[in-house]
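The next block holds one structure in the form of structure tokens; read it before the comments.
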Amino acid sequence: MSYTLKLAYSRYGWGVVAGTWRVAREVKVVYSVYDGAPVIVTEPVAVIDTESLEKLAQVMWLLEQYSSYATILSLVKYALGDEKKRVFVTSEAIGVITEDNVKACSAGGLDGVVPYPYKPQVERGVPVVNLDIESAPGYVYLELEELARLKNIQGKIAGVIVEFPGKVTPDCLMHVREFVHRHVGRTELLVAVNHVVVTLELIRKIRDLVSGVVLTSLGKVLKLKIVQRSREEFLYRCDNCMIDIVSNVPLRKCPYCQNKLSELLSEIDERALSRSARELKFVNIEFMSRFNPARTRLEFR
């Protein structure tokens with residue numbers, strides 16, 4: 001029996017798909033959106049063949065978890081608005097460092113892992129931020145109340161990561177920035193925050209004050225739902241008109257500009273399922289460069 005998984009809810013109104021490679025190990029995935037691609041609430045994400053609703057619920061939970069990781073990172077990356085500004089996660093945020101966890105974060109544009117508070121074993125190819133300033137220029141990780149320690153730190157500092165216990169404000173961050181520059185020079189400053197306080201508006205308010213963002217936690221920010229599949233359903237995107245179209249019949253051209261439509265929900269691609277973390281990052285960057293959540297709208301035809 002065929003079922004469609006749809007994006008039922010997202011804290012941000014949209015989400016980035018991640019984890020179909022993991023789901024495909026458990027059930028037959030007939031159609032899917034590419035890992036690393038953004039979709040809008042109510043859009044289909046995958047079509048799955050299975051006789052077990054219990055198994056379907058299990059893989060949906062996995063897809064929700066991995067897609068949430070990718071969505072949070074993509075939101076921060078998008079809000080920073082500068083490809084030179086980076087987004088990291090702490091080792092504590094990922095928890096157990098598995099290939100699947102790292103790939104899910106990479107599908108959201110992950111730039112690397114900060115080994116705090118412990119140094120994890122990380123998949124090959126994923127950069128690890130250097131916190132050892134004694135052997136080479138590295139980053140100093142401090143909680144906000146420990147900031148005064150910066151005056152006594154000796155060594156070559158490449159940047160400073162300051163963890164805020166709650167919501168960060170531009171005024172407070174400005175004072176932190178001035179303190180850091182006064183004591184260690186005009187080095188990089190990254191702010192470490194819990195994902196719960198992260199919003200598009202917050203990151204945009206502070207992006208001119210930081211070189212990047214470090215996420216100290218990751219959690220579920222979206223929900224999928226199961227719909228029994230009774231008919232064909234197609235999902236297309238027109239990058240020119242910023243429009244997504246859900247249709248019951250195949251379409252080739254945008255009804256507004258006549259440009260060729262991109263098919264988002266397509267037959268499962270074995271090559272796509274085998275992408276590495278590095279490849280998934282570039283897939284996400286490519287999709288997000290053409291996606292504007294504020295302008296993209298959804299139509300049913």
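Convention: chains lettered A, B, ... in structure tokens order; per-chain residue numbering from 1; ligands numbered from 1 as shown.
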
- Message: Could you list, as a list in words, every residue within 9 Å of region 211-213 of chain A, counting only C-alpha atoms and ignoring same-chain residues fewer than 5 positions away?
- Response: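 Here the qualifying residues turn out to be Val76, Lys77, Leu80, Lys84, Lys85, Arg86, Val87, Phe88, Val89, Ile161, Glu188, Leu189, Leu190, Val191, Ala192, Val193 and Ile203 of chain A.
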
- Message: I'd like the contact shell of region 223-230 of chain A - 8 Å cut-off, only C-alpha atoms, skipping same-chain residues fewer than 2 positions apart - returned as a list of chain:residue names.
- Response: A:Ser2, A:Tyr3, A:Thr4, A:Leu5, A:Lys6, A:Leu7, A:Ala8, A:Tyr9, A:Ser10, A:Met60, A:Glu64, A:Lys220, A:Val221, A:Glu232

- Which polymer residues have any atom within 12 Å of an atom of region 278-280 of chain A, counting only C-alpha atoms, with same-chain residues fewer than 2 positions away left out, as a ChimeraX atom specification? /A:16-21,34-37,70,99-100,102-112,123-127,271-276,282-287

Take the selection from the previous step and output its residues with C-alpha atoms, as a compact mmCIF listing (two decimals), in the first residue's frame.
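Just written: selection-v9.txt:
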# COMPACT_ATOMS: atom_id res chain seq x y z
CA VAL A 16 14.47 21.16 4.55
CA VAL A 17 14.19 17.47 3.78
CA ALA A 18 16.88 15.17 5.18
CA GLY A 19 17.06 11.48 5.96
CA THR A 20 15.52 9.77 2.93
CA TRP A 21 18.74 7.74 2.58
CA TYR A 34 15.99 15.52 -2.63
CA ASP A 35 17.78 15.63 0.71
CA GLY A 36 18.83 19.23 1.24
CA ALA A 37 15.86 20.73 -0.61
CA ALA A 70 18.68 20.38 8.39
CA GLU A 99 27.27 9.28 9.95
CA ASP A 100 23.51 9.81 9.66
CA VAL A 102 26.37 14.44 10.40
CA LYS A 103 24.75 13.93 6.98
CA ALA A 104 21.47 15.40 8.27
CA CYS A 105 23.27 18.50 9.53
CA SER A 106 25.23 18.75 6.29
CA ALA A 107 21.95 18.72 4.36
CA GLY A 108 21.33 22.02 6.15
CA GLY A 109 24.69 23.55 5.22
CA LEU A 110 26.79 22.53 8.24
CA ASP A 111 30.28 24.08 8.18
CA GLY A 112 31.76 22.02 10.98
CA GLU A 123 33.10 11.47 10.09
CA ARG A 124 35.99 12.04 7.70
CA GLY A 125 35.59 15.19 5.65
CA VAL A 126 33.66 17.13 8.31
CA PRO A 127 35.78 20.02 9.68
CA ARG A 271 22.88 8.22 -6.66
CA ALA A 272 21.08 10.73 -4.45
CA LEU A 273 20.73 8.16 -1.65
CA SER A 274 24.50 7.59 -1.60
CA ARG A 275 25.58 11.24 -1.35
CA SER A 276 28.26 12.07 1.21
CA PHE A 282 26.39 21.67 -1.71
CA VAL A 283 22.97 20.35 -2.70
CA ASN A 284 21.48 22.44 0.12
CA ILE A 285 23.46 25.53 -0.84
CA GLU A 286 22.25 25.23 -4.43
CA PHE A 287 18.59 24.84 -3.46

- Taking the chain letters and numbering used in this document, name the residues of region 41-240 of chain A that DSSP puts in strand (DSSP E or B), as a VMD selection string. chain A and resid 44 to 49 86 to 90 112 to 114 128 138 to 143 157 to 163 188 to 193 212 to 215 222 to 228 234 to 238

- Atom pair CA of Val33 (chain A) + CA of Ile268 (chain A), distance 8.6 Å

- Find the residues around Glu54 (chain A) up to 12 Å (only C-alpha atoms counted), leave out those fewer than 4 positions away in its own chain, and share them as a PyMOL selection string. chain A and resi 26-27+50+58-61+226

- Nearest to Met174 (chain A) among A:Ile153, A:Leu209, A:Val30, A:Leu298, with distances taken over only C-alpha atoms: which residue is it? A:Leu209

- Query: Hey, which of A:Lys167, A:Arg182, A:Lys260, A:His175 ends up closest to Asn194 (chain A)? Count only C-alpha atoms.
  - Reply: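 Of A:Lys167, A:Arg182, A:Lys260, A:His175, the one nearest Asn194 (chain A), counting only C-alpha atoms, is A:Lys167.
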
- Task: Find, counting only C-alpha atoms, the residue in A:Val45, A:Val197, A:Leu218, A:Ile133 that gets nearest to Ile72 (chain A).
- Result: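 Nearest candidate to Ile72 (chain A) out of A:Val45, A:Val197, A:Leu218, A:Ile133: A:Leu218.
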
- Task: Find the residue from A:Phe164, A:Val249, A:Asp49, A:Phe300 that sits nearest to Arg231 (chain A); use only C-alpha atoms when measuring.
- Result: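 Checking each candidate against Arg231 (chain A), we get A:Val249 as the closest.
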
- Neighbours of Asp132 (chain A) within 12 Å (only C-alpha atoms; same-chain residues fewer than 2 positions away dropped), as an MDAnalysis selection string? chainID A and resid 114:116 119 128:130 134:141 153:159

- Task: Kindly give the distance, in Å, that separates CA of Gly185 (chain A) and CA of Val162 (chain A), rounded to a single decimal.
- Result: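 According to the coordinates, CA of Gly185 (chain A) and CA of Val162 (chain A) are separated by 15.4 Å.
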
- Task: Find the distance between CA of Arg149 (chain A) and CA of His195 (chain A) and write it in Å to one decimal.
- Result: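 Distance between the two atoms: 25.8 Å.
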